[in-house]
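The next block is entry20.txt, given as compact mmCIF, C-alpha atoms.
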# COMPACT_ATOMS: atom_id res chain seq x y z
CA MET A 29 -116.93 13.20 32.28
CA PRO A 30 -114.50 15.42 34.23
CA ASP A 31 -110.81 14.63 34.39
CA ARG A 32 -110.62 13.84 38.08
CA SER A 33 -106.89 13.23 38.08
CA LYS A 34 -106.04 16.92 38.37
CA TYR A 35 -108.34 17.77 41.27
CA THR A 36 -108.34 15.42 44.21
CA SER A 37 -109.44 17.93 46.83
CA VAL A 38 -111.57 21.06 46.76
CA LEU A 39 -112.11 23.66 49.47
CA LEU A 40 -115.19 25.89 49.52
CA ILE A 41 -114.96 28.95 51.77
CA ASP A 42 -118.43 30.37 52.32
CA ASP A 43 -120.33 31.52 55.40
CA ASP A 44 -123.74 30.50 54.01
CA ILE A 45 -124.60 26.98 55.19
CA ASP A 46 -127.17 26.44 52.41
CA ASP A 47 -124.67 27.43 49.71
CA ARG A 48 -122.09 25.05 51.19
CA MET A 49 -124.59 22.20 51.32
CA ILE A 50 -125.81 22.68 47.73
CA PHE A 51 -122.28 23.12 46.38
CA GLY A 52 -121.09 19.99 48.18
CA GLU A 53 -124.00 17.90 46.90
CA VAL A 54 -123.45 19.00 43.29
CA LEU A 55 -119.69 18.46 43.51
CA LYS A 56 -120.11 14.96 44.97
CA GLU A 57 -122.60 14.10 42.25
CA LEU A 58 -120.21 15.24 39.53
CA ALA A 59 -117.02 13.84 41.03
CA PRO A 60 -117.57 11.47 43.95
CA ASP A 61 -113.85 10.76 44.25
CA ILE A 62 -112.95 14.39 45.05
CA ASN A 63 -112.33 15.16 48.71
CA TYR A 64 -114.60 18.07 49.56
CA HIS A 65 -113.73 20.41 52.43
CA GLU A 66 -115.50 23.49 53.78
CA ALA A 67 -114.56 26.58 55.76
CA ILE A 68 -117.03 29.11 57.12
CA ASN A 69 -114.82 32.19 56.55
CA GLY A 70 -111.29 33.21 55.67
CA GLU A 71 -110.05 32.83 59.22
CA ASP A 72 -111.39 29.27 59.44
CA ALA A 73 -109.82 28.47 56.06
CA LEU A 74 -106.40 29.81 57.06
CA MET A 75 -106.50 27.64 60.18
CA LYS A 76 -107.33 24.56 58.12
CA LEU A 77 -104.65 25.37 55.55
CA SER A 78 -102.01 25.73 58.26
CA ARG A 79 -102.53 22.09 59.29
CA ASP A 80 -100.75 20.48 56.34
CA PHE A 81 -103.87 20.63 54.20
CA THR A 82 -103.39 21.86 50.65
CA PRO A 83 -106.39 21.57 48.33
CA ASP A 84 -106.02 21.46 44.57
CA LEU A 85 -108.70 24.10 44.04
CA ILE A 86 -110.36 26.75 46.24
CA PHE A 87 -113.81 28.31 45.75
CA LEU A 88 -114.02 31.56 47.68
CA ASP A 89 -116.97 33.72 48.68
CA LEU A 90 -116.22 37.44 49.05
CA ASN A 91 -118.67 38.63 51.69
CA MET A 92 -117.87 36.86 54.95
CA PRO A 93 -117.26 37.86 58.56
CA ARG A 94 -113.82 37.94 60.22
CA ILE A 95 -111.56 37.59 57.17
CA ASN A 96 -113.44 38.28 53.95
CA GLY A 97 -112.65 36.78 50.57
CA LYS A 98 -110.43 39.57 49.32
CA GLN A 99 -108.39 39.59 52.55
CA PHE A 100 -108.04 35.81 52.40
CA LEU A 101 -106.94 35.89 48.76
CA ALA A 102 -104.34 38.57 49.46
CA GLU A 103 -103.07 36.54 52.41
CA ILE A 104 -102.61 33.21 50.63
CA ARG A 105 -100.94 34.83 47.62
CA GLN A 106 -98.16 35.85 50.04
CA LEU A 107 -97.59 32.28 51.29
CA ASP A 108 -95.23 30.19 49.19
CA HIS A 109 -96.93 26.88 49.92
CA LEU A 110 -100.40 28.22 48.98
CA LYS A 111 -99.89 30.84 46.28
CA HIS A 112 -99.97 28.27 43.44
CA ILE A 113 -103.50 27.03 44.27
CA PRO A 114 -106.14 28.19 41.78
CA VAL A 115 -108.79 30.31 43.50
CA ILE A 116 -112.21 30.71 41.95
CA ILE A 117 -114.24 33.57 43.36
CA TYR A 118 -117.73 32.19 44.10
CA THR A 119 -119.97 35.05 45.12
CA THR A 120 -123.32 36.74 44.62
CA SER A 121 -121.50 39.82 43.34
CA SER A 122 -121.31 40.56 39.64
CA HIS A 123 -119.67 43.97 40.03
CA ASP A 124 -116.88 44.74 37.58
CA SER A 125 -114.90 46.34 40.41
CA ASP A 126 -114.93 43.05 42.35
CA LYS A 127 -113.90 41.14 39.24
CA LYS A 128 -111.02 43.52 38.58
CA GLU A 129 -109.83 43.67 42.19
CA THR A 130 -109.89 39.91 42.71
CA ARG A 131 -108.06 39.33 39.43
CA GLN A 132 -105.37 41.76 40.61
CA LEU A 133 -105.18 39.86 43.91
CA GLY A 134 -104.55 36.62 42.03
CA ALA A 135 -107.93 34.99 41.49
CA SER A 136 -107.98 32.45 38.68
CA TYR A 137 -111.63 32.91 37.76
CA PHE A 138 -114.69 34.88 38.88
CA LEU A 139 -117.97 33.00 39.16
CA THR A 140 -121.19 34.70 40.17
CA LYS A 141 -123.25 32.15 42.09
CA PRO A 142 -125.67 30.51 39.69
CA ASN A 143 -129.43 30.88 40.19
CA SER A 144 -130.27 27.22 39.57
CA LEU A 145 -128.94 23.75 40.35
CA HIS A 146 -128.74 23.05 36.63
CA GLU A 147 -126.54 26.08 36.04
CA LEU A 148 -124.32 25.24 39.03
CA THR A 149 -123.95 21.65 37.82
CA HIS A 150 -123.06 22.77 34.30
CA THR A 151 -120.54 25.36 35.52
CA LEU A 152 -118.84 23.05 38.03
CA SER A 153 -118.62 20.36 35.37
CA ARG A 154 -116.85 22.77 33.03
CA ILE A 155 -114.46 23.86 35.79
CA LEU A 156 -113.61 20.25 36.64
CA GLN A 157 -113.01 19.59 32.95
CA GLN A 158 -110.69 22.63 32.97
CA GLN A 159 -112.68 24.45 30.30
CA LEU A 160 -113.17 27.78 32.09
CA PHE A 161 -109.74 28.88 33.29
As structure tokens, how would this structure be written, given the file I've shared?
Amino acid sequence: MPDRSKYTSVLLIDDDIDDRMIFGEVLKELAPDINYHEAINGEDALMKLSRDFTPDLIFLDLNMPRINGKQFLAEIRQLDHLKHIPVIIYTTSSHDSDKKETRQLGASYFLTKPNSLHELTHTLSRILQQQLF
């Protein structure tokens, strides 16, 4: 069972409505006491984060309109009140160049979106148990 004391709120930033829905359902199943928040792109996320909202953990897609994942990551790593938040890249990409660039920008972990609910459930469980980063 995950240690829920460390993560009380999670933000997923992803422009794909289906990915947000599936992620949210799996997260709520694993840890119903975690407050789950969504943003549809980096711009939306920055607006939400400027309203006294500070999640414990951010999952970030890379390919989004307006402000993409890399731009968002670079932006929050410059803000004192947000730069400490772990950011897990959550994307369809598995390119080494994306992994390297996001690590240099301050990502905590790189997760290629799983192909099955089982795999997503297993991976999220490990993240919540703090076994992956």
### Query
Smallest atom-to-atom distance to Tyr35 (chain A): which of A:Asp84, A:Asp72, A:Asp47, A:Asp124, using only C-alpha atoms?
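Smallest separation from Tyr35 (chain A) among the options: A:Asp84.
Counting all atoms listed in the file and comparing A:His109, A:Arg131, A:Arg94, A:Arg48, the residue that lies closest to Ala67 (chain A) is A:Arg48.
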### Task
Taking the point (-123.7, 22.1, 38.9) as given in the file, collect each protein or nucleic acid residue that comes within 10 Å of it, counting all atoms listed in the file, and present the set as a PyMOL selection string.
chain A and resi 50-55+57-58+142+144-155
### Query
Between CA of Leu139 (chain A) and CA of Asp42 (chain A), what is the spacing in Å?
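Between these atoms lies a distance of 13.4 Å.
Ranking A:Met49, A:Ile116, A:Lys111, A:Asp43 by their shortest atom-to-atom distance to Thr82 (chain A), with only C-alpha atoms included, puts A:Lys111 first.
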### Query
Which polymer residues have any atom within 12 Å of an atom of Ile68 (chain A), counting only C-alpha atoms, with same-chain residues fewer than 4 positions away left out, as a PyMOL selection string?
chain A and resi 39-49+72-76+87-97
### Query
What separation in Å, quoted to one decimal, exists between CA of Pro83 (chain A) and CA of Ala102 (chain A)?
17.2 Å
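By all atoms listed in the file, and with residues fewer than 3 positions from Leu85 (chain A) along its chain excluded, the set lying at most 7 Å from it is Tyr35, Ser37, Val38, Leu39, Ile113, Pro114 and Val115 of chain A.
Our summary of the geometry notes that CA of Ser122 (chain A) is positioned 27.7 Å from CA of Leu107 (chain A).
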### Task
Choose the residue, out of A:Leu101, A:Ala59, A:Leu156, A:Leu77, that has the smallest atom-to-atom separation from Ala135 (chain A); count all atoms listed in the file.
A:Leu101
### Residue nearest His65 (chain A) among A:Ile104, A:Ile117, A:Leu133, A:Ile86 (counting all atoms listed in the file)
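The shortest atom-to-atom distance to His65 (chain A) comes from A:Ile86.
Compared by their closest atoms to Lys34 (chain A), and using all atoms listed in the file, the residues A:Glu71, A:Asp61, A:Asp126, A:Asp80 rank with A:Asp61 nearest.
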